[in-house]
file data.txt (compact mmCIF, C-alpha atoms and all ligand atoms)
# COMPACT_ATOMS: atom_id res chain seq x y z
CA MET A 24 -11.57 -77.51 46.75
CA PRO A 25 -9.14 -75.08 45.11
CA VAL A 26 -9.23 -74.75 41.33
CA ARG A 27 -6.05 -74.98 39.25
CA ALA A 28 -5.44 -72.67 36.31
CA ALA A 29 -2.56 -71.90 33.95
CA VAL A 30 -1.66 -68.24 34.36
CA MET A 31 0.32 -65.99 32.02
CA PRO A 32 1.90 -63.69 34.65
CA ALA A 33 3.28 -61.06 32.24
CA SER A 34 4.27 -60.73 28.60
CA GLY A 35 7.34 -62.86 27.97
CA ALA A 36 7.10 -64.70 31.31
CA PRO A 37 6.52 -68.46 31.35
CA VAL A 38 3.02 -69.70 32.08
CA GLU A 39 2.64 -71.11 35.60
CA VAL A 40 -0.04 -73.16 37.33
CA ARG A 41 -1.75 -71.35 40.21
CA SER A 42 -4.57 -72.26 42.59
CA PHE A 43 -7.73 -70.22 42.95
CA PRO A 44 -10.55 -70.49 45.47
CA ASP A 45 -13.62 -72.41 44.34
CA PRO A 46 -15.91 -69.54 43.30
CA SER A 47 -19.35 -68.95 44.77
CA LEU A 48 -21.88 -67.96 42.14
CA GLU A 49 -23.70 -64.63 41.97
CA PRO A 50 -27.25 -64.73 40.59
CA GLY A 51 -27.19 -65.29 36.82
CA ALA A 52 -23.75 -66.91 36.82
CA VAL A 53 -22.86 -70.38 35.57
CA LEU A 54 -19.89 -72.55 36.55
CA LEU A 55 -18.36 -74.92 34.00
CA GLU A 56 -16.05 -77.87 34.42
CA THR A 57 -13.68 -77.33 31.49
CA LEU A 58 -13.59 -80.17 28.98
CA ALA A 59 -11.29 -78.51 26.46
CA SER A 60 -9.85 -75.12 25.62
CA GLU A 61 -7.54 -74.16 22.79
CA VAL A 62 -4.21 -72.55 22.11
CA CYS A 63 -4.68 -70.18 19.20
CA GLY A 64 -2.33 -67.75 17.51
CA THR A 65 -3.69 -64.99 19.72
CA ASP A 66 -2.38 -66.82 22.79
CA VAL A 67 1.09 -66.83 21.23
CA HIS A 68 0.73 -63.07 20.63
CA LEU A 69 -0.44 -62.61 24.25
CA HIS A 70 2.59 -64.57 25.43
CA HIS A 71 4.88 -62.17 23.55
CA GLY A 72 2.97 -59.07 24.64
CA ARG A 73 1.90 -58.15 21.10
CA LEU A 74 -1.62 -57.04 22.11
CA SER A 75 -2.12 -53.73 23.86
CA GLY A 76 -4.15 -53.21 27.02
CA VAL A 77 -3.97 -56.79 28.30
CA PRO A 78 -4.37 -56.87 32.13
CA TYR A 79 -1.69 -59.43 33.05
CA PRO A 80 -1.78 -61.77 34.90
CA ILE A 81 -4.37 -63.52 32.77
CA ILE A 82 -5.83 -67.02 32.42
CA PRO A 83 -5.70 -67.53 28.62
CA GLY A 84 -8.21 -69.56 26.61
CA HIS A 85 -11.04 -67.70 24.88
CA VAL A 86 -12.94 -70.48 23.09
CA SER A 87 -13.70 -73.41 25.37
CA VAL A 88 -16.15 -76.26 25.92
CA GLY A 89 -17.31 -77.28 29.38
CA ARG A 90 -19.90 -79.19 31.34
CA VAL A 91 -22.34 -77.21 33.48
CA VAL A 92 -21.56 -77.78 37.16
CA GLU A 93 -23.97 -75.23 38.54
CA ALA A 94 -26.24 -72.54 37.09
CA ARG A 95 -27.59 -69.96 39.51
CA GLY A 96 -30.99 -68.92 38.24
CA VAL A 97 -30.09 -69.62 34.59
CA GLU A 98 -32.56 -72.06 33.08
CA ARG A 99 -32.00 -71.60 29.34
CA ASP A 100 -29.07 -71.02 27.02
CA ALA A 101 -28.79 -67.99 24.73
CA THR A 102 -31.01 -69.59 22.10
CA GLY A 103 -33.76 -70.63 24.52
CA GLU A 104 -32.79 -74.28 24.97
CA PRO A 105 -33.24 -75.65 28.50
CA LEU A 106 -29.96 -75.59 30.43
CA ASN A 107 -29.23 -78.11 33.16
CA ALA A 108 -26.29 -79.32 35.22
CA GLY A 109 -24.34 -81.83 33.16
CA ASP A 110 -25.05 -80.19 29.80
CA VAL A 111 -22.05 -79.70 27.50
CA VAL A 112 -21.83 -76.11 26.29
CA THR A 113 -19.62 -73.54 24.69
CA PHE A 114 -20.03 -69.80 25.15
CA TYR A 115 -19.43 -66.57 23.25
CA ASP A 116 -16.12 -65.33 24.61
CA VAL A 117 -17.00 -61.66 24.03
CA HIS A 118 -18.93 -60.17 26.92
CA GLU A 119 -20.18 -56.84 28.26
CA VAL A 120 -21.04 -55.40 24.84
CA CYS A 121 -23.11 -52.45 26.04
CA ASN A 122 -25.91 -52.12 23.45
CA ALA A 123 -25.96 -48.45 24.46
CA CYS A 124 -23.00 -46.70 22.79
CA TRP A 125 -22.60 -45.09 19.37
CA GLN A 126 -20.85 -48.18 17.95
CA CYS A 127 -23.65 -50.46 19.19
CA LEU A 128 -26.63 -48.25 18.44
CA VAL A 129 -25.75 -46.08 15.45
CA ALA A 130 -22.99 -47.85 13.55
CA ARG A 131 -24.54 -51.18 14.60
CA GLN A 132 -21.18 -52.87 14.93
CA PRO A 133 -20.99 -54.33 18.44
CA ASN A 134 -17.65 -55.89 17.49
CA ARG A 135 -16.22 -52.36 17.86
CA CYS A 136 -18.00 -51.55 21.15
CA PRO A 137 -15.39 -50.05 23.49
CA HIS A 138 -16.93 -51.82 26.49
CA ARG A 139 -16.54 -55.35 25.14
CA ARG A 140 -14.43 -57.72 27.20
CA VAL A 141 -13.10 -61.08 26.08
CA TYR A 142 -12.62 -64.20 28.16
CA GLY A 143 -8.97 -65.25 28.22
CA ILE A 144 -7.73 -61.94 26.79
CA THR A 145 -9.02 -58.78 28.48
CA TYR A 146 -9.96 -60.13 31.92
CA SER A 147 -7.32 -60.34 34.63
CA ALA A 148 -6.74 -63.52 36.61
CA ASN A 149 -7.24 -61.24 39.62
CA ASP A 150 -10.91 -61.02 38.57
CA GLY A 151 -11.44 -64.78 38.74
CA LEU A 152 -11.64 -67.87 36.57
CA LEU A 153 -12.28 -65.95 33.35
CA GLY A 154 -10.26 -68.01 30.89
CA GLY A 155 -10.39 -71.56 29.59
CA TRP A 156 -6.98 -72.77 30.75
CA ALA A 157 -8.52 -73.63 34.11
CA GLU A 158 -10.29 -76.58 35.68
CA ARG A 159 -13.39 -74.41 36.09
CA ILE A 160 -14.66 -71.41 34.11
CA TYR A 161 -16.84 -68.79 35.78
CA LEU A 162 -19.46 -67.46 33.36
CA LYS A 163 -20.60 -64.05 34.52
CA PRO A 164 -24.25 -63.04 34.28
CA GLY A 165 -25.09 -62.28 30.66
CA VAL A 166 -22.45 -64.48 29.04
CA ARG A 167 -24.06 -66.08 25.98
CA ILE A 168 -24.07 -69.83 26.52
CA PHE A 169 -24.70 -72.23 23.66
CA LYS A 170 -25.54 -75.88 24.31
CA LEU A 171 -23.68 -78.02 21.78
CA PRO A 172 -26.16 -79.22 19.16
CA PRO A 173 -25.94 -82.99 18.62
CA PRO A 174 -23.84 -84.70 17.37
CA LEU A 175 -21.09 -82.16 18.12
CA THR A 176 -18.34 -83.05 20.57
CA ALA A 177 -15.78 -80.88 22.32
CA ASP A 178 -13.19 -81.98 19.72
CA ASP A 179 -15.38 -80.84 16.81
CA VAL A 180 -15.84 -77.40 18.35
CA ILE A 181 -12.34 -76.79 19.68
CA GLY A 182 -10.79 -78.42 16.60
CA GLY A 183 -12.35 -75.47 14.77
CA GLY A 184 -11.99 -73.12 17.73
CA CYS A 185 -12.05 -69.38 17.29
CA GLY A 186 -10.68 -69.86 13.77
CA LEU A 187 -13.94 -71.54 12.86
CA PHE A 188 -15.93 -68.48 13.91
CA THR A 189 -13.51 -65.97 12.41
CA GLY A 190 -13.40 -67.96 9.17
CA TYR A 191 -17.19 -68.00 9.09
CA ALA A 192 -17.31 -64.24 9.71
CA ALA A 193 -14.80 -63.58 6.92
CA VAL A 194 -16.85 -65.58 4.41
CA GLU A 195 -20.04 -63.84 5.47
CA ARG A 196 -18.31 -60.47 5.07
CA SER A 197 -17.42 -61.32 1.47
CA THR A 198 -19.68 -61.24 -1.58
CA LEU A 199 -19.20 -64.95 -2.26
CA ALA A 200 -21.92 -66.09 -4.69
CA MET A 201 -22.58 -69.64 -5.78
CA GLY A 202 -20.19 -70.55 -8.56
CA ASP A 203 -17.46 -68.13 -7.51
CA THR A 204 -13.78 -68.93 -7.34
CA VAL A 205 -12.46 -68.22 -3.85
CA LEU A 206 -8.82 -67.99 -2.89
CA VAL A 207 -7.92 -68.29 0.79
CA GLN A 208 -4.51 -67.01 1.86
CA GLY A 209 -3.32 -68.99 4.89
CA THR A 210 -4.06 -72.51 6.09
CA GLY A 211 -4.00 -71.98 9.86
CA PRO A 212 -7.22 -72.30 11.86
CA VAL A 213 -8.81 -69.12 10.43
CA GLY A 214 -7.91 -70.08 6.87
CA LEU A 215 -9.23 -73.61 7.34
CA GLY A 216 -12.51 -72.20 8.67
CA ALA A 217 -12.75 -69.85 5.68
CA ILE A 218 -12.04 -72.72 3.27
CA ALA A 219 -14.74 -74.91 4.84
CA PHE A 220 -17.43 -72.24 4.79
CA SER A 221 -16.50 -71.03 1.28
CA ALA A 222 -17.09 -74.55 0.01
CA LEU A 223 -20.39 -74.86 1.94
CA ARG A 224 -21.61 -71.48 0.69
CA GLY A 225 -21.32 -72.69 -2.87
CA ALA A 226 -17.92 -71.78 -4.29
CA ALA A 227 -17.25 -73.52 -7.61
CA MET A 228 -13.58 -73.66 -6.71
CA VAL A 229 -11.66 -73.02 -3.50
CA ILE A 230 -7.93 -72.39 -3.85
CA ALA A 231 -5.90 -72.60 -0.64
CA VAL A 232 -2.49 -70.92 -0.53
CA GLY A 233 -0.45 -71.82 2.53
CA ALA A 234 1.97 -74.16 4.30
CA PRO A 235 3.21 -76.49 5.74
CA ALA A 236 2.18 -79.67 3.89
CA PRO A 237 0.05 -81.20 6.71
CA ARG A 238 -2.06 -78.03 6.81
CA LEU A 239 -2.51 -78.12 3.03
CA ALA A 240 -3.70 -81.72 3.39
CA LEU A 241 -6.25 -80.57 5.99
CA ALA A 242 -7.30 -77.76 3.64
CA GLY A 243 -8.09 -80.41 1.03
CA LYS A 244 -10.17 -82.41 3.52
CA LEU A 245 -12.13 -79.32 4.53
CA GLY A 246 -13.08 -78.24 1.02
CA ALA A 247 -10.11 -76.82 -0.91
CA ASP A 248 -10.12 -78.03 -4.52
CA VAL A 249 -6.59 -76.80 -5.20
CA THR A 250 -3.73 -76.23 -2.76
CA ILE A 251 -0.68 -74.12 -3.50
CA SER A 252 2.35 -74.32 -1.21
CA ILE A 253 4.05 -71.03 -0.43
CA GLU A 254 7.13 -73.08 0.48
CA ASP A 255 7.38 -74.72 -2.94
CA GLU A 256 6.02 -72.05 -5.29
CA SER A 257 7.36 -68.51 -5.76
CA ALA A 258 5.05 -65.48 -5.94
CA ASP A 259 5.41 -65.52 -9.74
CA ALA A 260 4.57 -69.22 -9.88
CA ARG A 261 1.54 -68.68 -7.61
CA ARG A 262 0.33 -65.90 -9.86
CA ALA A 263 0.73 -68.01 -12.99
CA ARG A 264 -1.15 -70.85 -11.31
CA VAL A 265 -4.08 -68.66 -10.27
CA GLU A 266 -4.27 -67.08 -13.74
CA GLU A 267 -4.36 -70.53 -15.29
CA LEU A 268 -7.14 -71.64 -12.88
CA THR A 269 -9.29 -68.55 -13.46
CA GLY A 270 -9.02 -68.02 -17.22
CA GLY A 271 -6.62 -65.14 -16.59
CA ARG A 272 -9.24 -63.12 -14.69
CA GLY A 273 -8.21 -63.76 -11.07
CA ALA A 274 -10.26 -64.92 -8.07
CA ASP A 275 -13.75 -63.51 -7.47
CA VAL A 276 -13.19 -63.47 -3.71
CA ILE A 277 -9.96 -63.59 -1.71
CA ILE A 278 -9.86 -64.06 2.05
CA GLU A 279 -6.69 -63.18 3.94
CA ALA A 280 -5.88 -65.34 6.98
CA THR A 281 -2.12 -65.09 7.27
CA GLY A 282 -1.24 -62.15 9.50
CA ASN A 283 1.54 -61.41 7.00
CA PRO A 284 1.36 -57.91 5.47
CA ALA A 285 2.97 -59.18 2.24
CA ALA A 286 -0.19 -61.19 1.57
CA VAL A 287 -2.13 -57.98 0.85
CA PRO A 288 -0.35 -56.69 -2.30
CA GLU A 289 -0.19 -60.27 -3.57
CA ALA A 290 -3.95 -60.63 -3.20
CA LEU A 291 -4.62 -57.37 -5.02
CA VAL A 292 -2.80 -58.83 -8.01
CA LEU A 293 -4.61 -62.18 -7.80
CA LEU A 294 -8.08 -60.61 -7.37
CA ARG A 295 -10.29 -60.22 -10.44
CA ASP A 296 -11.58 -56.79 -11.46
CA GLY A 297 -14.47 -55.92 -9.15
CA GLY A 298 -13.62 -58.77 -6.79
CA THR A 299 -13.89 -58.68 -3.00
CA TYR A 300 -10.93 -58.97 -0.65
CA VAL A 301 -11.58 -59.63 3.05
CA ILE A 302 -8.68 -59.07 5.45
CA ALA A 303 -9.26 -61.14 8.59
CA GLY A 304 -5.83 -62.34 9.68
CA HIS A 305 -4.28 -59.18 11.07
CA TYR A 306 -5.34 -59.36 14.70
CA THR A 307 -2.01 -57.78 15.69
CA ASP A 308 0.08 -55.07 14.06
CA THR A 309 2.75 -56.78 11.97
CA GLY A 310 3.74 -53.76 9.90
CA SER A 311 2.89 -51.89 6.72
CA VAL A 312 3.09 -52.53 3.00
CA SER A 313 2.88 -50.27 -0.03
CA LEU A 314 0.37 -50.70 -2.80
CA ASN A 315 -0.52 -48.98 -6.03
CA PRO A 316 -3.93 -47.35 -5.57
CA HIS A 317 -4.43 -46.80 -9.30
CA ARG A 318 -3.62 -50.26 -10.60
CA GLU A 319 -4.58 -52.42 -7.62
CA VAL A 320 -7.64 -50.69 -6.19
CA ASN A 321 -9.18 -47.87 -8.19
CA ARG A 322 -8.89 -49.11 -11.78
CA LYS A 323 -9.43 -52.66 -10.58
CA HIS A 324 -12.70 -51.55 -8.95
CA ALA A 325 -11.66 -53.68 -5.97
CA ASP A 326 -13.80 -54.05 -2.86
CA ILE A 327 -11.54 -54.31 0.20
CA ARG A 328 -13.10 -55.11 3.58
CA GLY A 329 -11.76 -55.74 7.07
CA GLN A 330 -13.33 -58.18 9.50
CA TRP A 331 -12.74 -57.49 13.17
CA GLY A 332 -13.64 -60.28 15.59
CA THR A 333 -16.97 -62.04 15.65
CA ASP A 334 -20.51 -61.48 16.86
CA PHE A 335 -22.69 -64.07 18.59
CA HIS A 336 -24.54 -64.83 15.38
CA HIS A 337 -21.29 -65.97 13.76
CA VAL A 338 -20.76 -68.46 16.58
CA TYR A 339 -24.37 -69.64 16.43
CA ARG A 340 -24.50 -70.04 12.66
CA ALA A 341 -21.05 -71.63 12.40
CA LEU A 342 -21.94 -74.25 15.02
CA LYS A 343 -25.30 -74.99 13.41
CA MET A 344 -23.51 -75.55 10.10
CA LEU A 345 -20.84 -77.65 11.80
CA ALA A 346 -23.57 -79.84 13.34
CA ARG A 347 -25.44 -80.18 10.05
CA HIS A 348 -22.37 -80.85 7.88
CA ARG A 349 -20.15 -82.63 10.39
CA ASP A 350 -19.20 -85.32 7.86
CA ARG A 351 -17.86 -82.67 5.47
CA LEU A 352 -16.15 -80.64 8.19
CA PRO A 353 -13.81 -82.97 10.05
CA PHE A 354 -12.39 -80.24 12.29
CA ALA A 355 -11.70 -82.82 15.02
CA GLN A 356 -8.89 -83.99 12.70
CA THR A 357 -7.11 -80.65 13.10
CA VAL A 358 -6.47 -81.49 16.76
CA GLY A 359 -2.76 -82.20 16.76
CA ALA A 360 -2.02 -82.62 20.47
CA ARG A 361 -3.50 -82.31 23.96
CA TYR A 362 -1.75 -80.68 26.89
CA GLY A 363 -2.41 -80.50 30.61
CA LEU A 364 -2.23 -77.20 32.48
CA SER A 365 1.41 -77.76 33.43
CA GLU A 366 2.31 -78.29 29.75
CA ALA A 367 0.96 -74.95 28.53
CA ASN A 368 4.42 -73.55 27.72
CA ARG A 369 5.17 -76.49 25.47
CA ALA A 370 1.74 -76.08 23.84
CA LEU A 371 2.47 -72.41 23.07
CA GLU A 372 5.84 -73.30 21.58
CA ASP A 373 4.37 -76.09 19.44
CA VAL A 374 1.72 -73.71 18.06
CA GLU A 375 4.24 -70.95 17.41
CA LYS A 376 6.60 -73.31 15.55
CA LEU A 377 3.62 -74.71 13.54
CA ARG A 378 4.30 -78.21 14.89
CA VAL A 379 0.56 -78.69 15.43
CA THR A 380 -2.41 -77.10 13.69
CA LYS A 381 -4.63 -77.08 16.76
CA ALA A 382 -3.40 -77.62 20.31
CA LEU A 383 -5.95 -78.40 23.00
CA ILE A 384 -5.59 -77.60 26.67
CA ILE A 385 -7.29 -80.30 28.77
CA PRO A 386 -7.31 -78.83 32.29
CA ASN A 387 -8.96 -81.83 33.94
CA GLY A 388 -6.90 -84.41 32.06
CA SER A 389 -5.07 -87.16 33.87
ZN ZN A 401 -21.45 -50.53 22.97
ZN ZN A 402 -8.35 -67.21 19.12
call {"tool": "encode", "arguments": {"input": "data.txt", "output": "structure tokens"}}
result
Amino acid sequence: MPVRAAVMPASGAPVEVRSFPDPSLEPGAVLLETLASEVCGTDVHLHHGRLSGVPYPIIPGHVSVGRVVEARGVERDATGEPLNAGDVVTFYDVHEVCNACWQCLVARQPNRCPHRRVYGITYSANDGLLGGWAERIYLKPGVRIFKLPPPLTADDVIGGGCGLFTGYAAVERSTLAMGDTVLVQGTGPVGLGAIAFSALRGAAMVIAVGAPAPRLALAGKLGADVTISIEDESADARRARVEELTGGRGADVIIEATGNPAAVPEALVLLRDGGTYVIAGHYTDTGSVSLNPHREVNRKHADIRGQWGTDFHHVYRALKMLARHRDRLPFAQTVGARYGLSEANRALEDVEKLRVTKALIIPNGS
């Protein structure tokens, strides 16, 4: 039976549904029936051609949950759990990290390995069902599969989506100590993930700065103690508010999850002396800003760090925490709408216009 998938033919071109042959599995491969995939901000960037080196046509969808249809010679998931047909799994979208290059071996940062490929982003649709906006996903040999720990459902995982993992990675990259005040810039999926894990890691106060109002409400549910609307409060008002909340010292840790360059100089004012600033929201190039190295970095003794992508351990640890603290992390509530394959263009538009926080693609929906 042919398999349907939503294909992005080229940057700027509308997504269209195409049929692919039912794949036959090579040894070590696993075939999933897709339960849910997501539309994240990266998919909007892909749609507009804002990422370089993307081999259009592609089947988008990097973080997905599926049911195992067939596993050819694969008996365990990446953590050693038995894997059987019918199991519900997710998988680490990054693949083909070489463990043999300078980045992998010397710098020990596989997230910068030049050989890494990403499902739904850097694989062409001509190479097969290598994205989540498809009825079936072909997991190549070596893809790290992770059986969902109970009681997690597809909605819990995709409600968090890649933002959950990126948010986790950003918090881990920071120096957040118990009792710290953390400020998160941005209340999209990455910001919400950072808010949730900041609270779980022991922040005394989490301040969320973002918009629109429904996202700020979600931020509150996921662990933000204070929310500040960028629509209602000017930069001066935001600064006064943060000074008031921190005894005039500023936040111990700030995590950027906006993709807006203007967030960076603002954070360097709101950060306390010796604080840590993690920039995690600039997955595409949205321009430059100027800053004052003396006042905002050097004299401030600021620690500025970038976080590029995620490693498997981020996915593993984030999902373990999500399973353990599911009652405190209602990510399923971020799911705003579900779309079939033929509705992918509307899903992209709804995400771009911020009409929904998290849009799910349900390829096998009715
Ligand atoms: Zn490598
Ligand atoms: Zn993503």
call {"tool": "atom_distance", "arguments": {"input": "data.txt", "atom1": "atom CA of A:Glu158", "atom2": "atom CA of A:Met24"}}
result
11.2 Å
call {"tool": "residues_around", "arguments": {"input": "data.txt", "residues": "stretch 61-67 of chain A", "least_positions_apart": "5", "cutoff": "9 Å", "atoms": "all atoms listed in the file", "output": "PDB file with C-alpha atoms, in the frame of the given file"}}
result
ATOM      1  CA  GLY A  72       2.970 -59.070  24.640  1.00  0.00           C
ATOM      2  CA  ARG A  73       1.900 -58.150  21.100  1.00  0.00           C
ATOM      3  CA  LEU A  74      -1.620 -57.040  22.110  1.00  0.00           C
ATOM      4  CA  PRO A  83      -5.700 -67.530  28.620  1.00  0.00           C
ATOM      5  CA  GLY A  84      -8.210 -69.560  26.610  1.00  0.00           C
ATOM      6  CA  HIS A  85     -11.040 -67.700  24.880  1.00  0.00           C
ATOM      7  CA  VAL A  86     -12.940 -70.480  23.090  1.00  0.00           C
ATOM      8  CA  SER A  87     -13.700 -73.410  25.370  1.00  0.00           C
ATOM      9  CA  GLY A 143      -8.970 -65.250  28.220  1.00  0.00           C
ATOM     10  CA  ILE A 144      -7.730 -61.940  26.790  1.00  0.00           C
ATOM     11  CA  GLY A 155     -10.390 -71.560  29.590  1.00  0.00           C
ATOM     12  CA  TRP A 156      -6.980 -72.770  30.750  1.00  0.00           C
ATOM     13  CA  ILE A 181     -12.340 -76.790  19.680  1.00  0.00           C
ATOM     14  CA  GLY A 182     -10.790 -78.420  16.600  1.00  0.00           C
ATOM     15  CA  GLY A 184     -11.990 -73.120  17.730  1.00  0.00           C
ATOM     16  CA  CYS A 185     -12.050 -69.380  17.290  1.00  0.00           C
ATOM     17  CA  GLY A 186     -10.680 -69.860  13.770  1.00  0.00           C
ATOM     18  CA  GLY A 211      -4.000 -71.980   9.860  1.00  0.00           C
ATOM     19  CA  PRO A 212      -7.220 -72.300  11.860  1.00  0.00           C
ATOM     20  CA  TYR A 306      -5.340 -59.360  14.700  1.00  0.00           C
ATOM     21  CA  THR A 307      -2.010 -57.780  15.690  1.00  0.00           C
ATOM     22  CA  ALA A 367       0.960 -74.950  28.530  1.00  0.00           C
ATOM     23  CA  ALA A 370       1.740 -76.080  23.840  1.00  0.00           C
ATOM     24  CA  LEU A 371       2.470 -72.410  23.070  1.00  0.00           C
ATOM     25  CA  GLU A 372       5.840 -73.300  21.580  1.00  0.00           C
ATOM     26  CA  VAL A 374       1.720 -73.710  18.060  1.00  0.00           C
ATOM     27  CA  GLU A 375       4.240 -70.950  17.410  1.00  0.00           C
ATOM     28  CA  LYS A 381      -4.630 -77.080  16.760  1.00  0.00           C
ATOM     29  CA  ALA A 382      -3.400 -77.620  20.310  1.00  0.00           C
ATOM     30  CA  LEU A 383      -5.950 -78.400  23.000  1.00  0.00           C
ATOM     31  CA  ILE A 384      -5.590 -77.600  26.670  1.00  0.00           C
ATOM     32  CA  ILE A 385      -7.290 -80.300  28.770  1.00  0.00           C
TER      33      ILE A 385
END
call {"tool": "residues_near_ligand", "arguments": {"input": "data.txt", "ligand": "ligand ZN 401 (chain A)", "cutoff": "12 Å", "atoms": "only C-alpha atoms and all ligand atoms", "output": "list of chain:residue names"}}
result
A:His118, A:Glu119, A:Val120, A:Cys121, A:Asn122, A:Ala123, A:Cys124, A:Trp125, A:Gln126, A:Cys127, A:Leu128, A:Val129, A:Ala130, A:Arg131, A:Gln132, A:Pro133, A:Asn134, A:Arg135, A:Cys136, A:Pro137, A:His138, A:Arg139, A:Arg140
call {"tool": "closest_residue", "arguments": {"input": "data.txt", "among": "A:Glu104, A:Asp116, A:Glu39, A:Asp150", "to": "ligand ZN 402 (chain A)", "atoms": "only C-alpha atoms and all ligand atoms"}}
result
A:Asp116
call {"tool": "atom_distance", "arguments": {"input": "data.txt", "atom1": "atom CA of A:Gly243", "atom2": "atom CA of A:Asp296"}}
result
26.9 Å
call {"tool": "axis_aligned_box", "arguments": {"input": "data.txt", "around": "stretch 207-211 of chain A", "padding_each_side": "3 Å", "output": "JSON"}}
result
{"center_x": -5.6, "center_y": -69.8, "center_z": 5.3, "size_x": 10.6, "size_y": 11.5, "size_z": 15.1}
call {"tool": "closest_residue", "arguments": {"input": "data.txt", "among": "A:Gly359, A:Gly298, A:Pro235, A:Gly183", "to": "A:Glu254", "atoms": "all atoms listed in the file"}}
result
A:Pro235
call {"tool": "closest_residue", "arguments": {"input": "data.txt", "among": "A:Glu319, A:Val301, A:Ala29, A:Gly332", "to": "ligand ZN 402 (chain A)", "atoms": "all atoms listed in the file"}}
result
A:Gly332
call {"tool": "closest_residue", "arguments": {"input": "data.txt", "among": "A:Gly273, A:Gly310, A:Gly154, A:Gly363", "to": "ligand ZN 402 (chain A)", "atoms": "all atoms listed in the file"}}
result
A:Gly154
call {"tool": "residues_around", "arguments": {"input": "data.txt", "residues": "A:Asp179", "least_positions_apart": "2", "cutoff": "9 Å", "atoms": "only C-alpha atoms", "output": "PyMOL selection string"}}
result
chain A and resi 175-177+181-184+345-346+349+352-356+358
call {"tool": "closest_residue", "arguments": {"input": "data.txt", "among": "A:Thr113, A:Thr102, A:Ser197, A:Thr145", "to": "A:Leu69", "atoms": "all atoms listed in the file"}}
result
A:Thr145
call {"tool": "residues_around", "arguments": {"input": "data.txt", "residues": "A:Ala108", "least_positions_apart": "6", "cutoff": "8 Å", "atoms": "all atoms listed in the file", "output": "PyMOL selection string"}}
result
chain A and resi 90-94
call {"tool": "closest_residue", "arguments": {"input": "data.txt", "among": "A:Ala33, A:Tyr161, A:Phe188, A:Ser42", "to": "ligand ZN 402 (chain A)", "atoms": "all atoms listed in the file"}}
result
A:Phe188
call {"tool": "residues_around", "arguments": {"input": "data.txt", "residues": "A:Pro288", "least_positions_apart": "6", "cutoff": "10 Å", "atoms": "all atoms listed in the file", "output": "list in words"}}
result
Val312, Ser313, Leu314, Asn315 and Glu319 of chain A
call {"tool": "atom_distance", "arguments": {"input": "data.txt", "atom1": "atom CA of A:Glu267", "atom2": "atom CA of A:Leu293"}}
result
11.2 Å
call {"tool": "residues_near_point", "arguments": {"input": "data.txt", "point": "(2.3, -58.2, 2.2)", "cutoff": "12 Å", "atoms": "all atoms listed in the file", "output": "VMD selection string"}}
result
chain A and resid 208 258 279 to 292 302 304 to 305 309 to 314
call {"tool": "residues_around", "arguments": {"input": "data.txt", "residues": "A:Ala192", "least_positions_apart": "4", "cutoff": "7 Å", "atoms": "only C-alpha atoms", "output": "PDB file with C-alpha atoms, in the coordinates of the input"}}
result
ATOM      1  CA  PHE A 188     -15.930 -68.480  13.910  1.00  0.00           C
ATOM      2  CA  ARG A 196     -18.310 -60.470   5.070  1.00  0.00           C
ATOM      3  CA  THR A 333     -16.970 -62.040  15.650  1.00  0.00           C
ATOM      4  CA  HIS A 337     -21.290 -65.970  13.760  1.00  0.00           C
TER       5      HIS A 337
END
